[in-house]
Amino acid sequence: MSSPLTHFDPHGQAHMVDIAAKSETHRIARTRGRITMHPATLALIRAGSAKKGDVLGIARVAAIQASKRTAELIPLCHPIPLTRVAVEFTIDEAASAIDVEVSAETVGRTGVEMEALTAASVALLTIYDMCKASDRGMRIDAIHVVHKDGGKSGRWDAA
């Protein structure tokens, strides 16, 4: 019986999945995540007065950079040519939080979920890094895939 875990061979050893026989298709993944903080920290970010500079601008660039380096961080990921990475932030004043949404795209033989998840994670980690001097209690959570499309499995949307 074969395992539904594709990164293990029949002997239970980890391996990189062979994607040679897969068709190249347009693939997209969209992910989200959130960082919650003290209202004063959110006010610093919103005003652009954090000591380290433009927090969201730098977090956006960090996310894009991270998406391109995913295969270096996640051992069994294939390096893939990204055709587009978009990073959007939404400030939620009521929750004293910032939400990130990342869309990653490629034309290739494997999906871009890991690239989008890595980008969202690094965006939030960058916000934490840039603001930790004023708020060490920030909380990062809810990083998840909300949409993917392309390839043999087609479209999937989170419930």
# chains A, B, ... in the order shown; residues from 1 in each chain; ligands from 1

call {"tool": "select_by_dssp", "arguments": {"residues": "stretch 6-123 of chain A", "states": "strand (DSSP E)", "output": "PyMOL selection string"}}
result
chain A and resi 25-36+82-92+97-108

call {"tool": "residues_around", "arguments": {"residues": "A:Ser23", "least_positions_apart": "5", "cutoff": "8 Å", "atoms": "only C-alpha atoms", "output": "list of chain:residue names"}}
result
A:Gly108, A:Arg109, A:Gly151

call {"tool": "residues_around", "arguments": {"residues": "A:Pro75", "least_positions_apart": "5", "cutoff": "12 Å", "atoms": "only C-alpha atoms", "output": "MDAnalysis selection string"}}
result
chainID A and resid 7 14:17 69:70 114

call {"tool": "closest_residue", "arguments": {"among": "A:Ala50, A:Val107, A:Met138, A:Leu42", "to": "A:Ile91", "atoms": "only C-alpha atoms"}}
result
A:Leu42

call {"tool": "select_by_dssp", "arguments": {"residues": "stretch 25-147 of chain A", "states": "alpha helix (DSSP H)", "output": "ChimeraX atom specification"}}
result
/A:39-47,55-68,70-73,113-131

call {"tool": "closest_residue", "arguments": {"among": "A:Ala21, A:Ala123, A:Val112, A:Ala158", "to": "A:Ala59", "atoms": "only C-alpha atoms"}}
result
A:Ala123

call {"tool": "residues_around", "arguments": {"residues": "A:Ala29", "least_positions_apart": "3", "cutoff": "7 Å", "atoms": "only C-alpha atoms", "output": "list in words"}}
result
Ser103, Ala104, Glu105, Val112, Glu113, Ala116, His147, Lys148 and Asp149 of chain A

call {"tool": "write_last_selection", "arguments": {"atoms": "N, CA and C atoms", "output": "PDB file, in the first residue's frame"}}
result
ATOM      1  N   SER A 103       0.245  36.034  -2.636  1.00  0.00           N
ATOM      2  CA  SER A 103      -0.091  35.251  -3.825  1.00  0.00           C
ATOM      3  C   SER A 103       1.211  34.951  -4.545  1.00  0.00           C
ATOM      4  N   ALA A 104       1.415  33.683  -4.858  1.00  0.00           N
ATOM      5  CA  ALA A 104       2.607  33.273  -5.601  1.00  0.00           C
ATOM      6  C   ALA A 104       2.155  32.505  -6.836  1.00  0.00           C
ATOM      7  N   GLU A 105       2.868  32.724  -7.957  1.00  0.00           N
ATOM      8  CA  GLU A 105       2.509  32.063  -9.212  1.00  0.00           C
ATOM      9  C   GLU A 105       3.741  31.552  -9.928  1.00  0.00           C
ATOM     10  N   VAL A 112       3.035  26.037  -5.797  1.00  0.00           N
ATOM     11  CA  VAL A 112       3.740  27.137  -5.140  1.00  0.00           C
ATOM     12  C   VAL A 112       3.224  27.408  -3.721  1.00  0.00           C
ATOM     13  N   GLU A 113       2.574  26.407  -3.122  1.00  0.00           N
ATOM     14  CA  GLU A 113       2.073  26.598  -1.769  1.00  0.00           C
ATOM     15  C   GLU A 113       3.200  26.883  -0.783  1.00  0.00           C
ATOM     16  N   ALA A 116       4.488  30.453  -1.089  1.00  0.00           N
ATOM     17  CA  ALA A 116       3.564  31.431  -0.518  1.00  0.00           C
ATOM     18  C   ALA A 116       3.538  31.351   1.008  1.00  0.00           C
ATOM     19  N   HIS A 147      -5.979  29.226  -0.890  1.00  0.00           N
ATOM     20  CA  HIS A 147      -6.351  28.921  -2.276  1.00  0.00           C
ATOM     21  C   HIS A 147      -5.149  28.339  -3.002  1.00  0.00           C
ATOM     22  N   LYS A 148      -5.406  27.361  -3.853  1.00  0.00           N
ATOM     23  CA  LYS A 148      -4.383  26.888  -4.779  1.00  0.00           C
ATOM     24  C   LYS A 148      -5.084  26.450  -6.051  1.00  0.00           C
ATOM     25  N   ASP A 149      -4.390  26.595  -7.156  1.00  0.00           N
ATOM     26  CA  ASP A 149      -4.970  26.201  -8.435  1.00  0.00           C
ATOM     27  C   ASP A 149      -3.848  25.771  -9.367  1.00  0.00           C
TER      28      ASP A 149
END

call {"tool": "closest_residue", "arguments": {"among": "A:Ala20, A:Ile45, A:Ile35, A:Ile28", "to": "A:Ala95", "atoms": "only C-alpha atoms"}}
result
A:Ile35

call {"tool": "residues_around", "arguments": {"residues": "A:Thr106", "least_positions_apart": "2", "cutoff": "6 Å", "atoms": "only C-alpha atoms", "output": "list of chain:residue names"}}
result
A:His26, A:Arg27, A:Leu82, A:Thr83, A:Gly108

call {"tool": "write_last_selection", "arguments": {"atoms": "N, CA, C and O atoms", "output": "PDB file, in the first residue's frame"}}
result
ATOM      1  N   HIS A  26      -0.025  26.588 -15.357  1.00  0.00           N
ATOM      2  CA  HIS A  26      -0.022  27.806 -14.533  1.00  0.00           C
ATOM      3  C   HIS A  26      -0.511  27.400 -13.155  1.00  0.00           C
ATOM      4  O   HIS A  26      -1.558  26.772 -13.009  1.00  0.00           O
ATOM      5  N   ARG A  27       0.256  27.745 -12.143  1.00  0.00           N
ATOM      6  CA  ARG A  27      -0.072  27.375 -10.769  1.00  0.00           C
ATOM      7  C   ARG A  27      -0.052  28.619  -9.898  1.00  0.00           C
ATOM      8  O   ARG A  27       0.782  29.494 -10.086  1.00  0.00           O
ATOM      9  N   LEU A  82       9.530  31.423 -10.069  1.00  0.00           N
ATOM     10  CA  LEU A  82       8.314  32.178  -9.759  1.00  0.00           C
ATOM     11  C   LEU A  82       8.080  33.230 -10.835  1.00  0.00           C
ATOM     12  O   LEU A  82       9.012  33.897 -11.269  1.00  0.00           O
ATOM     13  N   THR A  83       6.838  33.361 -11.255  1.00  0.00           N
ATOM     14  CA  THR A  83       6.501  34.378 -12.248  1.00  0.00           C
ATOM     15  C   THR A  83       5.876  35.606 -11.606  1.00  0.00           C
ATOM     16  O   THR A  83       5.840  36.669 -12.212  1.00  0.00           O
ATOM     17  N   GLY A 108       4.835  25.763 -14.152  1.00  0.00           N
ATOM     18  CA  GLY A 108       5.772  24.693 -13.863  1.00  0.00           C
ATOM     19  C   GLY A 108       5.096  23.372 -13.575  1.00  0.00           C
ATOM     20  O   GLY A 108       3.905  23.199 -13.820  1.00  0.00           O
TER      21      GLY A 108
END

call {"tool": "atom_distance", "arguments": {"atom1": "atom CA of A:Glu115", "atom2": "atom CA of A:Arg84"}}
result
10.9 Å

call {"tool": "atom_distance", "arguments": {"atom1": "atom CA of A:Ala94", "atom2": "atom CA of A:Ala133"}}
result
22.6 Å

call {"tool": "residues_around", "arguments": {"residues": "A:Gly137", "least_positions_apart": "2", "cutoff": "7 Å", "atoms": "only C-alpha atoms", "output": "PyMOL selection string"}}
result
chain A and resi 37+135+139

call {"tool": "atom_distance", "arguments": {"atom1": "atom CA of A:Val61", "atom2": "atom CA of A:Asp157"}}
result
26.3 Å

call {"tool": "residues_around", "arguments": {"residues": "A:Gly53", "least_positions_apart": "2", "cutoff": "12 Å", "atoms": "only C-alpha atoms", "output": "list in words"}}
result
Leu44, Ile45, Arg46, Ala47, Gly48, Ser49, Ala50, Lys51, Val55, Leu56, Gly57, Ile58, Ala59, Thr126, Ile127, Asp129, Met130 and Cys131 of chain A

call {"tool": "closest_residue", "arguments": {"among": "A:His38, A:His11, A:Arg30, A:Lys68", "to": "A:Tyr128", "atoms": "only C-alpha atoms"}}
result
A:His38
